[in-house]
Structure formats: structure tokens, C-alpha cells
>>> print(open('work.pdb').read())   # PDB, C-alpha atoms
ATOM      1  CA  MET A   1     -24.020-147.302 -41.270
ATOM      2  CA  ASP A   2     -22.737-147.575 -37.777
ATOM      3  CA  LYS A   3     -22.994-150.806 -35.920
ATOM      4  CA  PHE A   4     -23.930-150.822 -32.309
ATOM      5  CA  LYS A   5     -23.954-153.494 -29.680
ATOM      6  CA  THR A   6     -26.750-154.637 -27.439
ATOM      7  CA  ALA A   7     -26.342-155.965 -23.954
ATOM      8  CA  ILE A   8     -28.436-157.322 -21.152
ATOM      9  CA  VAL A   9     -27.708-157.058 -17.455
ATOM     10  CA  GLY A  10     -29.365-159.321 -14.976
ATOM     11  CA  ASN A  11     -29.455-162.503 -13.027
ATOM     12  CA  LYS A  12     -27.479-165.257 -14.721
ATOM     13  CA  ASP A  13     -30.332-167.713 -15.109
ATOM     14  CA  THR A  14     -32.659-165.107 -16.473
ATOM     15  CA  ILE A  15     -30.425-163.660 -19.131
ATOM     16  CA  LEU A  16     -29.008-166.942 -20.386
ATOM     17  CA  GLY A  17     -31.774-167.231 -22.943
ATOM     18  CA  PHE A  18     -30.853-163.921 -24.492
ATOM     19  CA  LYS A  19     -27.337-165.038 -25.031
ATOM     20  CA  ALA A  20     -28.494-167.356 -27.794
ATOM     21  CA  LEU A  21     -29.973-164.370 -29.613
ATOM     22  CA  GLY A  22     -26.577-162.758 -29.896
ATOM     23  CA  LEU A  23     -26.826-160.254 -27.071
ATOM     24  CA  GLU A  24     -23.947-159.612 -24.766
ATOM     25  CA  THR A  25     -24.807-160.826 -21.327
ATOM     26  CA  HIS A  26     -23.505-159.441 -18.067
ATOM     27  CA  ASP A  27     -24.246-161.158 -14.799
ATOM     28  CA  SER A  28     -25.254-159.033 -11.863
ATOM     29  CA  ASN A  29     -27.048-160.091  -8.770
ATOM     30  CA  THR A  30     -27.330-156.927  -6.709
ATOM     31  CA  GLY A  31     -28.418-153.388  -7.371
ATOM     32  CA  GLU A  32     -24.926-151.999  -6.801
ATOM     33  CA  GLU A  33     -23.368-154.522  -9.126
ATOM     34  CA  ALA A  34     -25.876-153.678 -11.829
ATOM     35  CA  THR A  35     -25.363-149.934 -11.399
ATOM     36  CA  ALA A  36     -21.601-150.298 -11.683
ATOM     37  CA  LYS A  37     -22.029-152.495 -14.745
ATOM     38  CA  LEU A  38     -24.358-150.026 -16.426
ATOM     39  CA  PHE A  39     -21.937-147.167 -15.868
ATOM     40  CA  GLU A  40     -19.134-149.268 -17.248
ATOM     41  CA  LEU A  41     -21.110-150.209 -20.359
ATOM     42  CA  LYS A  42     -22.275-146.660 -20.885
ATOM     43  CA  LYS A  43     -18.709-145.409 -20.747
ATOM     44  CA  LYS A  44     -17.454-147.758 -23.460
ATOM     45  CA  GLU A  45     -16.912-145.915 -26.666
ATOM     46  CA  ILE A  46     -15.838-146.579 -30.201
ATOM     47  CA  VAL A  47     -13.763-144.139 -32.187
ATOM     48  CA  ILE A  48     -15.631-143.411 -35.397
ATOM     49  CA  ASP A  49     -13.250-140.878 -36.867
ATOM     50  CA  SER A  50      -9.606-141.518 -36.223
ATOM     51  CA  LYS A  51      -8.613-138.054 -37.484
ATOM     52  CA  THR A  52     -10.803-136.013 -35.216
ATOM     53  CA  GLY A  53     -10.934-138.613 -32.479
ATOM     54  CA  GLU A  54     -14.710-138.451 -32.489
ATOM     55  CA  THR A  55     -16.307-141.185 -30.430
ATOM     56  CA  ARG A  56     -19.725-142.645 -29.924
ATOM     57  CA  PRO A  57     -21.116-145.067 -27.377
ATOM     58  CA  ALA A  58     -20.494-148.719 -28.166
ATOM     59  CA  TYR A  59     -23.874-149.850 -26.887
ATOM     60  CA  ALA A  60     -27.167-148.602 -28.230
ATOM     61  CA  VAL A  61     -29.483-150.624 -26.072
ATOM     62  CA  ILE A  62     -28.892-152.113 -22.662
ATOM     63  CA  PHE A  63     -31.651-154.209 -21.190
ATOM     64  CA  ILE A  64     -31.838-154.714 -17.478
ATOM     65  CA  THR A  65     -34.138-156.971 -15.531
ATOM     66  CA  GLU A  66     -36.787-155.208 -13.514
ATOM     67  CA  ASP A  67     -35.761-156.489 -10.116
ATOM     68  CA  LEU A  68     -32.320-154.906 -10.586
ATOM     69  CA  ALA A  69     -33.631-151.764 -12.249
ATOM     70  CA  MET A  70     -35.738-151.088  -9.185
ATOM     71  CA  LYS A  71     -32.680-151.031  -6.967
ATOM     72  CA  ILE A  72     -30.872-148.326  -8.927
ATOM     73  CA  SER A  73     -31.067-145.031  -7.093
ATOM     74  CA  ASP A  74     -32.869-142.126  -8.752
ATOM     75  CA  GLU A  75     -29.681-140.134  -8.881
ATOM     76  CA  ASP A  76     -27.768-142.841 -10.726
ATOM     77  CA  TYR A  77     -30.707-143.476 -12.969
ATOM     78  CA  LYS A  78     -30.799-139.846 -14.001
ATOM     79  CA  LYS A  79     -27.118-139.909 -14.857
ATOM     80  CA  LEU A  80     -27.513-143.118 -16.816
ATOM     81  CA  SER A  81     -30.410-141.932 -18.896
ATOM     82  CA  GLU A  82     -29.236-138.447 -19.762
ATOM     83  CA  ASN A  83     -27.647-139.059 -23.178
ATOM     84  CA  ALA A  84     -29.299-140.084 -26.425
ATOM     85  CA  LEU A  85     -27.565-143.439 -26.288
ATOM     86  CA  PRO A  86     -27.510-145.976 -24.809
ATOM     87  CA  ALA A  87     -31.163-146.641 -24.163
ATOM     88  CA  ILE A  88     -31.522-148.442 -20.877
ATOM     89  CA  VAL A  89     -34.686-150.473 -20.855
ATOM     90  CA  PRO A  90     -36.045-152.519 -17.967
ATOM     91  CA  VAL A  91     -37.561-155.850 -18.948
ATOM     92  CA  PRO A  92     -39.579-158.106 -16.673
ATOM     93  CA  GLY A  93     -37.516-160.933 -15.248
ATOM     94  CA  SER A  94     -38.404-164.552 -14.899
ATOM     95  CA  LYS A  95     -40.712-163.723 -12.001
ATOM     96  CA  GLY A  96     -43.022-161.856 -14.324
ATOM     97  CA  THR A  97     -43.819-158.189 -14.459
ATOM     98  CA  SER A  98     -44.004-156.052 -11.376
ATOM     99  CA  GLY A  99     -45.457-153.007 -13.069
ATOM    100  CA  TYR A 100     -42.143-151.202 -12.898
ATOM    101  CA  GLY A 101     -42.061-150.542 -16.628
ATOM    102  CA  LEU A 102     -45.466-148.928 -16.670
ATOM    103  CA  LYS A 103     -44.592-146.914 -13.605
ATOM    104  CA  ARG A 104     -41.533-145.677 -15.462
ATOM    105  CA  ILE A 105     -43.700-144.490 -18.353
ATOM    106  CA  GLY A 106     -45.948-142.759 -15.855
ATOM    107  CA  LYS A 107     -42.913-140.982 -14.460
ATOM    108  CA  MET A 108     -41.953-139.775 -17.919
ATOM    109  CA  VAL A 109     -45.418-138.349 -18.416
ATOM    110  CA  GLU A 110     -45.183-136.656 -15.061
ATOM    111  CA  ARG A 111     -41.895-135.097 -16.023
ATOM    112  CA  ALA A 112     -43.139-133.848 -19.352
ATOM    113  CA  VAL A 113     -46.624-132.700 -18.503
ATOM    114  CA  GLY A 114     -46.384-131.930 -14.808
ATOM    115  CA  SER A 115     -48.705-134.673 -13.644
ATOM    116  CA  ASP A 116     -49.366-138.247 -14.632
ATOM    117  CA  ILE A 117     -52.430-137.785 -16.801
ATOM    118  CA  PHE A 118     -52.727-141.423 -17.774
ATOM    119  CA  GLY A 119     -52.121-142.642 -14.244
ATOM    120  CA  ASP A 120     -55.354-144.473 -13.594
ATOM    121  CA  GLN A 121     -55.723-146.139 -16.942
TER
ATOM    122  CA  MET B   1     -43.409-109.619  -8.614
ATOM    123  CA  ALA B   2     -40.371-107.671  -7.887
ATOM    124  CA  LYS B   3     -39.192-104.832  -9.961
ATOM    125  CA  LEU B   4     -35.690-105.030 -11.267
ATOM    126  CA  ASP B   5     -32.868-103.158  -9.639
ATOM    127  CA  VAL B   6     -32.188-100.482 -12.247
ATOM    128  CA  LYS B   7     -31.814 -96.729 -12.265
ATOM    129  CA  PRO B   8     -34.913 -94.924 -13.495
ATOM    130  CA  THR B   9     -33.404 -93.263 -16.539
ATOM    131  CA  ARG B  10     -34.595 -92.867 -20.081
ATOM    132  CA  MET B  11     -31.710 -95.027 -21.274
ATOM    133  CA  GLU B  12     -32.776 -97.905 -19.018
ATOM    134  CA  LEU B  13     -36.347 -97.460 -20.170
ATOM    135  CA  LEU B  14     -35.321 -97.978 -23.787
ATOM    136  CA  ASN B  15     -33.191-100.995 -22.917
ATOM    137  CA  LEU B  16     -35.959-102.608 -20.925
ATOM    138  CA  LYS B  17     -38.455-102.047 -23.699
ATOM    139  CA  LYS B  18     -36.145-103.892 -26.038
ATOM    140  CA  ARG B  19     -35.754-106.726 -23.525
ATOM    141  CA  LEU B  20     -39.471-107.025 -23.024
ATOM    142  CA  LYS B  21     -40.000-107.277 -26.742
ATOM    143  CA  SER B  22     -37.488-110.099 -27.146
ATOM    144  CA  ALA B  23     -38.819-111.864 -24.041
ATOM    145  CA  LYS B  24     -42.298-111.871 -25.502
ATOM    146  CA  ARG B  25     -41.001-113.152 -28.807
ATOM    147  CA  GLY B  26     -38.979-115.875 -27.076
ATOM    148  CA  HIS B  27     -41.978-116.853 -25.025
ATOM    149  CA  LYS B  28     -44.101-117.289 -28.113
ATOM    150  CA  LEU B  29     -41.457-119.383 -29.848
ATOM    151  CA  LEU B  30     -40.891-121.607 -26.828
ATOM    152  CA  LYS B  31     -44.593-122.067 -26.372
ATOM    153  CA  ASP B  32     -44.849-123.250 -29.969
ATOM    154  CA  LYS B  33     -41.949-125.610 -29.397
ATOM    155  CA  GLN B  34     -43.626-126.958 -26.286
ATOM    156  CA  ASP B  35     -46.848-127.577 -28.178
ATOM    157  CA  GLY B  36     -44.985-129.353 -30.961
ATOM    158  CA  LEU B  37     -43.068-131.532 -28.533
ATOM    159  CA  MET B  38     -46.173-132.310 -26.537
ATOM    160  CA  GLN B  39     -48.000-133.492 -29.622
ATOM    161  CA  LYS B  40     -45.205-135.865 -30.557
ATOM    162  CA  PHE B  41     -44.733-136.976 -26.945
ATOM    163  CA  MET B  42     -48.391-137.898 -26.516
ATOM    164  CA  GLU B  43     -48.290-139.907 -29.697
ATOM    165  CA  ILE B  44     -45.208-141.798 -28.557
ATOM    166  CA  ILE B  45     -46.199-142.319 -24.959
ATOM    167  CA  ARG B  46     -49.554-143.852 -25.923
ATOM    168  CA  GLU B  47     -47.763-146.255 -28.208
ATOM    169  CA  ALA B  48     -45.184-146.979 -25.512
ATOM    170  CA  LYS B  49     -47.861-147.923 -23.025
ATOM    171  CA  VAL B  50     -49.479-150.389 -25.383
ATOM    172  CA  MET B  51     -46.109-151.814 -26.406
ATOM    173  CA  ARG B  52     -44.962-152.185 -22.840
ATOM    174  CA  ARG B  53     -48.039-154.199 -21.904
ATOM    175  CA  GLU B  54     -47.691-156.407 -24.941
ATOM    176  CA  VAL B  55     -43.982-157.027 -24.450
ATOM    177  CA  GLU B  56     -44.355-157.790 -20.763
ATOM    178  CA  GLU B  57     -47.019-160.337 -21.480
ATOM    179  CA  LYS B  58     -45.102-162.051 -24.259
ATOM    180  CA  LEU B  59     -41.781-161.947 -22.497
ATOM    181  CA  GLY B  60     -43.379-163.467 -19.428
ATOM    182  CA  GLY B  61     -44.444-166.367 -21.620
ATOM    183  CA  ALA B  62     -40.984-166.697 -23.096
ATOM    184  CA  PHE B  63     -39.393-166.758 -19.672
ATOM    185  CA  LYS B  64     -41.838-169.379 -18.559
ATOM    186  CA  ASN B  65     -40.825-171.565 -21.501
ATOM    187  CA  PHE B  66     -37.208-171.019 -20.703
ATOM    188  CA  MET B  67     -37.741-171.884 -17.069
ATOM    189  CA  PHE B  68     -39.371-175.146 -18.057
ATOM    190  CA  ALA B  69     -36.521-175.894 -20.377
ATOM    191  CA  SER B  70     -33.847-175.144 -17.834
ATOM    192  CA  SER B  71     -35.567-177.171 -15.135
ATOM    193  CA  MET B  72     -35.468-180.194 -17.376
ATOM    194  CA  MET B  73     -31.823-179.919 -18.141
ATOM    195  CA  ASP B  74     -28.648-180.161 -16.218
ATOM    196  CA  PRO B  75     -27.562-176.539 -15.529
ATOM    197  CA  ALA B  76     -24.027-177.245 -16.694
ATOM    198  CA  MET B  77     -25.338-178.726 -19.931
ATOM    199  CA  LEU B  78     -27.579-175.737 -20.473
ATOM    200  CA  GLU B  79     -24.726-173.374 -20.001
ATOM    201  CA  THR B  80     -22.432-175.200 -22.388
ATOM    202  CA  ALA B  81     -25.209-175.392 -24.952
ATOM    203  CA  LEU B  82     -25.552-171.639 -24.891
ATOM    204  CA  LEU B  83     -21.901-170.816 -24.362
ATOM    205  CA  TYR B  84     -21.000-169.888 -27.918
ATOM    206  CA  PRO B  85     -23.967-168.537 -29.771
ATOM    207  CA  SER B  86     -23.596-168.427 -33.536
ATOM    208  CA  ALA B  87     -26.371-165.911 -33.885
ATOM    209  CA  LYS B  88     -25.061-162.406 -34.354
ATOM    210  CA  MET B  89     -27.009-159.323 -33.787
ATOM    211  CA  GLU B  90     -26.223-156.004 -35.235
ATOM    212  CA  LEU B  91     -27.941-152.780 -34.587
ATOM    213  CA  GLU B  92     -28.177-149.772 -36.813
ATOM    214  CA  VAL B  93     -29.073-146.489 -35.266
ATOM    215  CA  THR B  94     -30.423-143.489 -37.073
ATOM    216  CA  THR B  95     -31.571-140.324 -35.433
ATOM    217  CA  LYS B  96     -34.366-138.002 -36.343
ATOM    218  CA  ASN B  97     -34.667-134.421 -35.309
ATOM    219  CA  VAL B  98     -37.942-133.487 -33.679
ATOM    220  CA  MET B  99     -38.042-129.865 -32.502
ATOM    221  CA  SER B 100     -34.275-129.925 -32.002
ATOM    222  CA  VAL B 101     -34.369-133.149 -29.997
ATOM    223  CA  HIS B 102     -32.520-136.020 -31.572
ATOM    224  CA  ILE B 103     -34.506-139.174 -31.125
ATOM    225  CA  PRO B 104     -33.060-142.562 -32.004
ATOM    226  CA  TYR B 105     -34.451-145.193 -34.343
ATOM    227  CA  PHE B 106     -33.111-148.729 -34.149
ATOM    228  CA  LYS B 107     -32.919-151.321 -36.853
ATOM    229  CA  ILE B 108     -31.835-154.840 -35.999
ATOM    230  CA  LYS B 109     -30.095-157.308 -38.188
ATOM    231  CA  GLN B 110     -29.929-160.867 -37.030
ATOM    232  CA  GLU B 111     -27.700-163.431 -38.542
ATOM    233  CA  GLY B 112     -27.094-167.085 -37.875
ATOM    234  CA  ASP B 113     -29.215-169.703 -36.228
ATOM    235  CA  ILE B 114     -30.123-169.373 -32.591
ATOM    236  CA  LEU B 115     -30.359-173.135 -32.203
ATOM    237  CA  ASN B 116     -26.681-173.725 -32.192
ATOM    238  CA  TYR B 117     -26.100-176.823 -30.121
ATOM    239  CA  GLY B 118     -26.217-180.555 -30.336
ATOM    240  CA  TYR B 119     -29.602-182.181 -30.050
ATOM    241  CA  LEU B 120     -28.457-185.057 -27.918
ATOM    242  CA  GLN B 121     -28.263-183.477 -24.508
ATOM    243  CA  THR B 122     -30.703-180.630 -24.905
ATOM    244  CA  SER B 123     -34.427-180.826 -24.593
ATOM    245  CA  ALA B 124     -36.996-179.833 -27.171
ATOM    246  CA  GLU B 125     -38.315-177.321 -24.664
ATOM    247  CA  LEU B 126     -35.125-175.349 -24.967
ATOM    248  CA  ASP B 127     -35.634-175.019 -28.709
ATOM    249  CA  MET B 128     -39.128-173.752 -28.097
ATOM    250  CA  ALA B 129     -38.030-171.367 -25.410
ATOM    251  CA  LEU B 130     -35.359-169.861 -27.612
ATOM    252  CA  LYS B 131     -37.796-169.580 -30.491
ATOM    253  CA  SER B 132     -40.184-167.664 -28.292
ATOM    254  CA  PHE B 133     -37.347-165.383 -27.200
ATOM    255  CA  GLN B 134     -36.548-164.754 -30.809
ATOM    256  CA  ASP B 135     -40.161-163.914 -31.560
ATOM    257  CA  VAL B 136     -40.360-161.405 -28.732
ATOM    258  CA  PHE B 137     -37.063-159.789 -29.502
ATOM    259  CA  PRO B 138     -38.085-157.452 -32.357
ATOM    260  CA  LEU B 139     -40.890-156.182 -30.141
ATOM    261  CA  LEU B 140     -38.437-155.678 -27.339
ATOM    262  CA  MET B 141     -36.210-153.578 -29.577
ATOM    263  CA  LYS B 142     -39.179-151.564 -30.741
ATOM    264  CA  LEU B 143     -40.077-150.953 -27.127
ATOM    265  CA  ALA B 144     -36.529-149.831 -26.376
ATOM    266  CA  GLU B 145     -36.714-147.406 -29.269
ATOM    267  CA  ILE B 146     -40.047-145.949 -28.288
ATOM    268  CA  GLU B 147     -39.215-145.666 -24.617
ATOM    269  CA  LYS B 148     -35.932-143.950 -25.314
ATOM    270  CA  GLN B 149     -37.692-141.521 -27.635
ATOM    271  CA  ALA B 150     -40.270-140.827 -24.960
ATOM    272  CA  GLU B 151     -37.536-140.320 -22.400
ATOM    273  CA  ARG B 152     -35.659-137.852 -24.595
ATOM    274  CA  LEU B 153     -38.811-135.907 -25.360
ATOM    275  CA  ALA B 154     -39.851-135.865 -21.719
ATOM    276  CA  GLU B 155     -36.500-134.402 -20.772
ATOM    277  CA  GLU B 156     -36.715-131.689 -23.402
ATOM    278  CA  LEU B 157     -40.317-130.941 -22.549
ATOM    279  CA  GLU B 158     -39.415-130.462 -18.922
ATOM    280  CA  THR B 159     -36.778-127.841 -19.670
ATOM    281  CA  THR B 160     -38.976-126.125 -22.237
ATOM    282  CA  ARG B 161     -41.865-125.999 -19.814
ATOM    283  CA  ARG B 162     -39.616-124.457 -17.199
ATOM    284  CA  ARG B 163     -38.370-121.854 -19.627
ATOM    285  CA  VAL B 164     -41.852-120.971 -20.795
ATOM    286  CA  ASN B 165     -43.057-120.610 -17.222
ATOM    287  CA  ALA B 166     -40.039-118.563 -16.209
ATOM    288  CA  LEU B 167     -40.680-116.154 -19.048
ATOM    289  CA  GLU B 168     -44.417-116.041 -18.581
ATOM    290  CA  TYR B 169     -44.597-115.705 -14.828
ATOM    291  CA  LYS B 170     -41.315-114.052 -13.928
ATOM    292  CA  MET B 171     -39.423-112.296 -16.719
ATOM    293  CA  ILE B 172     -42.321-110.629 -18.503
ATOM    294  CA  PRO B 173     -44.214-109.399 -15.398
ATOM    295  CA  ASP B 174     -40.959-108.155 -13.868
ATOM    296  CA  LEU B 175     -40.071-106.236 -16.973
ATOM    297  CA  THR B 176     -43.527-104.725 -17.331
ATOM    298  CA  GLU B 177     -43.519-103.643 -13.721
ATOM    299  CA  THR B 178     -40.083-102.064 -13.976
ATOM    300  CA  LEU B 179     -41.090-100.277 -17.151
ATOM    301  CA  LYS B 180     -44.151 -98.899 -15.423
ATOM    302  CA  PHE B 181     -42.051 -97.830 -12.451
ATOM    303  CA  ILE B 182     -39.520 -96.017 -14.639
ATOM    304  CA  SER B 183     -42.107 -94.205 -16.735
ATOM    305  CA  MET B 184     -43.935 -93.071 -13.575
ATOM    306  CA  LYS B 185     -40.708 -91.939 -12.004
ATOM    307  CA  LEU B 186     -39.761 -89.988 -15.132
ATOM    308  CA  ALA B 187     -43.205 -88.348 -15.302
ATOM    309  CA  GLU B 188     -42.903 -87.462 -11.616
ATOM    310  CA  GLN B 189     -39.521 -85.886 -12.205
ATOM    311  CA  GLU B 190     -40.908 -83.876 -15.097
ATOM    312  CA  ARG B 191     -43.763 -82.551 -12.982
ATOM    313  CA  SER B 192     -41.448 -81.691 -10.129
ATOM    314  CA  THR B 193     -39.173 -79.738 -12.495
ATOM    315  CA  ILE B 194     -42.123 -77.756 -13.847
ATOM    316  CA  VAL B 195     -43.360 -77.002 -10.368
ATOM    317  CA  GLY B 196     -39.858 -75.929  -9.344
ATOM    318  CA  VAL B 197     -39.541 -73.599 -12.306
ATOM    319  CA  MET B 198     -42.953 -72.133 -11.601
ATOM    320  CA  ALA B 199     -42.056 -71.539  -7.950
ATOM    321  CA  ILE B 200     -38.817 -69.809  -8.865
ATOM    322  CA  LYS B 201     -40.569 -67.704 -11.462
ATOM    323  CA  ALA B 202     -43.138 -66.665  -8.851
ATOM    324  CA  MET B 203     -40.339 -65.765  -6.413
ATOM    325  CA  ILE B 204     -38.562 -63.667  -8.999
ATOM    326  CA  GLU B 205     -41.773 -61.893  -9.930
ATOM    327  CA  ALA B 206     -42.523 -61.199  -6.284
ATOM    328  CA  ALA B 207     -39.017 -59.783  -5.761
ATOM    329  CA  GLU B 208     -39.369 -57.502  -8.804
ATOM    330  CA  GLU B 209     -42.741 -56.260  -7.604
ATOM    331  CA  MET B 210     -41.160 -55.370  -4.243
ATOM    332  CA  LYS B 211     -38.435 -53.388  -5.966
ATOM    333  CA  MET B 212     -40.991 -51.501  -8.101
ATOM    334  CA  ARG B 213     -42.989 -50.617  -4.961
ATOM    335  CA  GLU B 214     -39.873 -49.416  -3.137
ATOM    336  CA  LYS B 215     -38.978 -47.117  -6.029
ATOM    337  CA  ALA B 216     -42.475 -45.660  -6.215
TER
END
>>> encode(input="work.pdb", output="C-alpha cells")
Amino acid sequence: MDKFKTAIVGNKDTILGFKALGLETHDSNTGEEATAKLFELKKKEIVIDSKTGETRPAYAVIFITEDLAMKISDEDYKKLSENALPAIVPVPGSKGTSGYGLKRIGKMVERAVGSDIFGDQ
Amino acid sequence: MAKLDVKPTRMELLNLKKRLKSAKRGHKLLKDKQDGLMQKFMEIIREAKVMRREVEEKLGGAFKNFMFASSMMDPAMLETALLYPSAKMELEVTTKNVMSVHIPYFKIKQEGDILNYGYLQTSAELDMALKSFQDVFPLLMKLAEIEKQAERLAEELETTRRRVNALEYKMIPDLTETLKFISMKLAEQERSTIVGVMAIKAMIEAAEEMKMREKA
């Protein structure tokens, strides 16, 4: 079975705890920095078949703290999320949740159904 | 609805009939696909919402613990303590095909101890904080899996919905209207030919009658 890597992007103090779990940590303090980092991580690939030169993404899951995720422009976000892997998942930072994650789910519903049918729940 | 820009011939009529038939068939198939996707999507998105709430709550707690721990320790010490983690994390990814959308499933494998530092200069709070991180982590991965699945399905649903609507509200009405236009036009042509023939026949008959009268 293939082995994938997991990374977290965020403020240094926040992501330090995840380092102990064996995640790769990448410091970013601004939205632009985080966006550039995400693109860089997404681009990294591993060759799985040396004969055909077939590649797959090196990272399966990239976590990003909410405060940074919010600063990524819609356009970049769309580009980042278009493939099956990696999954880019916002997690609440040390300041607690801002509701961004739930808003993101609402957006998905809106995309799929046409309107956010669970919006008020 | 606009009718298509085609010549009103019998050939075109046959072609369009064929196209209408396949459009209707495609529409039915896509509609079924949309229903199938929607069912799965609803299932996943409900789960995602619950998971998201749970994870945010628990992770908030874990961060709080970590904050306490880091406030009690010298930042440099904290960093060196966590500099070389012995815990390794590996991720296996399998995909499942739902209505031609590949959705990922993650499986984590953790090895090694997360508490990989000397006890002398670190506080007990740090141990607790890391433990709580470790407890939340499987949930976090599960959330990543579910959210990515939801995202993939949402994307596919969007395109399918667009296709279904395009067929239902544009392609099929356009084709039906053009078909109607061509069959009317052809019927009109037929009538006009008959009328023309009748008129000519009448003219010929009238001319012959004149000749007969002149002879008599």
C-alpha cells in the first residue's frame, strides 16, 4: 500500500504540538505565505512507477489553521482543492473556532444543491 | 427557446430525431446519477457537520492545554523538546468509486512514542497537552477524509446538475421546437406543391377548352 505524508501549515506556536505526533510542520504567518506553501506542498510528487513515470501527490492531507485559511483567495482555494489529493482541511487555531469550518461545509452544500439547505441549523 | 439553425429538409429531420432521442436518454441517465450522488452527499455532509463540531470542540481543548504548557516553559526549551519527534505517522489511502467519483479513504498508522523528551526541563502539562493532541488526531483525520469526500462529491454534483439542466431546459426544448418547425415547413411545402400542380392543371384544361371552342 502506498504511504502518504501529512503536513500542517500555520503559525509556529500553534502547530508545534502537532510536530510531536509525527506531522510535518510548515511555518507560515501570512495568507500569502500559506498560499505559496500549500501550492508548493501540493506540487510535490512521488514517482510510483519508475517505468511509466507515473506519479502521485506526496501529501494526502494538509491541515491549515483557520486564520490562515480565511486569507486564501477563492480563486487559489479552488485551484488547491480541485484534485482528489491532497485534502486541505482547515482546523481551528489556538484562538478557538471562528465558524470557518462550518461555513465551508455550508458552501459545499450550496455548490452541490444550489442553496445552503442546512444553513440555519 | 430558439430553434436551431438548420435547413428544413427531411434529412435534417431524421438527424434531429436521432439527437432528441439520445438527449432524452442522456438526460435520464444523468438525472439518475445526480440522484445517486445526492443521496451519498447528504449522508456524508450530515456526518461532516457533526464531526466538524466535535473536532473543533476537542481541538480547542487540546490547544488550550498546549497553551498552558507552553506558557509554563521556556520557549527555547519547548522547541528543543519537540525538535526531533520519534513518533512516525504513516497514511494509507484507498479510493472508492461512487458514481464515477473517486473518493478517498484514509487509514493512519502511528508508531513511536509522542513523549520523546527528557522529563527534567519539561512540565507535566506538556505531556498532557500532547496526549490530548494524540486523542484528537484520529478524529481530525476522519474529518479530513469526510470533508474531502464531501468536497469531491459537491464538485461532481455541480457539474452533473449543470448538465442535467442544460439538457432539460435548453437542448431538449430546442430540439423539439426545431423538429416541429421542420415538419411544419415540410407539410407547407407539400401543400404548396399540390396547389401549384392543381393550378397548372386548371390552366391547361382552360387552354384546351379554348382550343375546342375555337375549332367548333
>>> resolve_selection(input="work.pdb", expression="the PyMOL selection byres ((chain B and resi 93-96) around 7)", output="list in words")
Asp2 of chain A; Leu91, Glu92, Asn97, Val98, His102, Ile103, Pro104, Tyr105, Phe106 and Lys107 of chain B
>>> resolve_selection(input="work.pdb", expression="the PyMOL selection byres ((chain A) within 8 of (chain B))", output="PyMOL selection string")
chain A and resi 1-6+14+16-23+60-61+84-85+87-89+91-97+101-102+105+108-109+111-113
>>> residues_around(input="work.pdb", residues="range 24-36 of chain A", least_positions_apart="4", cutoff="7 Å", atoms="only C-alpha atoms", output="PyMOL selection string")
chain A and resi 6-12+15+19+40+68+71-72
>>> atom_distance(input="work.pdb", atom1="CA of Ala166 in chain B", atom2="CA of Glu12 in chain B")
22.1 Å
>>> atom_distance(input="work.pdb", atom1="CA of Leu80 in chain A", atom2="CA of Glu54 in chain B")
25.5 Å
>>> resolve_selection(input="work.pdb", expression="the PyMOL selection byres ((chain B and resi 18-33) around 8)", output="PDB file with C-alpha atoms, in the coordinates of the input")
ATOM      1  CA  LEU B  14     -35.321 -97.978 -23.787  1.00  0.00           C
ATOM      2  CA  ASN B  15     -33.191-100.995 -22.917  1.00  0.00           C
ATOM      3  CA  LEU B  16     -35.959-102.608 -20.925  1.00  0.00           C
ATOM      4  CA  LYS B  17     -38.455-102.047 -23.699  1.00  0.00           C
ATOM      5  CA  GLN B  34     -43.626-126.958 -26.286  1.00  0.00           C
ATOM      6  CA  ASP B  35     -46.848-127.577 -28.178  1.00  0.00           C
ATOM      7  CA  GLY B  36     -44.985-129.353 -30.961  1.00  0.00           C
ATOM      8  CA  LEU B  37     -43.068-131.532 -28.533  1.00  0.00           C
ATOM      9  CA  MET B  99     -38.042-129.865 -32.502  1.00  0.00           C
ATOM     10  CA  THR B 160     -38.976-126.125 -22.237  1.00  0.00           C
ATOM     11  CA  ARG B 163     -38.370-121.854 -19.627  1.00  0.00           C
ATOM     12  CA  VAL B 164     -41.852-120.971 -20.795  1.00  0.00           C
ATOM     13  CA  LEU B 167     -40.680-116.154 -19.048  1.00  0.00           C
ATOM     14  CA  GLU B 168     -44.417-116.041 -18.581  1.00  0.00           C
ATOM     15  CA  MET B 171     -39.423-112.296 -16.719  1.00  0.00           C
ATOM     16  CA  ILE B 172     -42.321-110.629 -18.503  1.00  0.00           C
ATOM     17  CA  LEU B 175     -40.071-106.236 -16.973  1.00  0.00           C
ATOM     18  CA  THR B 176     -43.527-104.725 -17.331  1.00  0.00           C
TER      19      THR B 176
END
>>> atom_distance(input="work.pdb", atom1="CA of Leu139 in chain B", atom2="CA of Pro90 in chain A")
13.6 Å
>>> closest_residue(input="work.pdb", among="B:Lys170, B:Arg162, B:Glu177, B:Phe68", to="Ser123 in chain B", atoms="all atoms listed in the file")
B:Phe68
>>> closest_residue(input="work.pdb", among="B:Val195, B:Tyr169, B:Thr122, B:Met212", to="Thr80 in chain B", atoms="all atoms listed in the file")
B:Thr122
>>> axis_aligned_box(input="work.pdb", around="range 106-111 of chain B", padding_each_side="4 Å", output="lines of an AutoDock Vina configuration file")
center_x = -30.4
center_y = -156.1
center_z = -36.3
size_x = 13.4
size_y = 22.7
size_z = 12.4
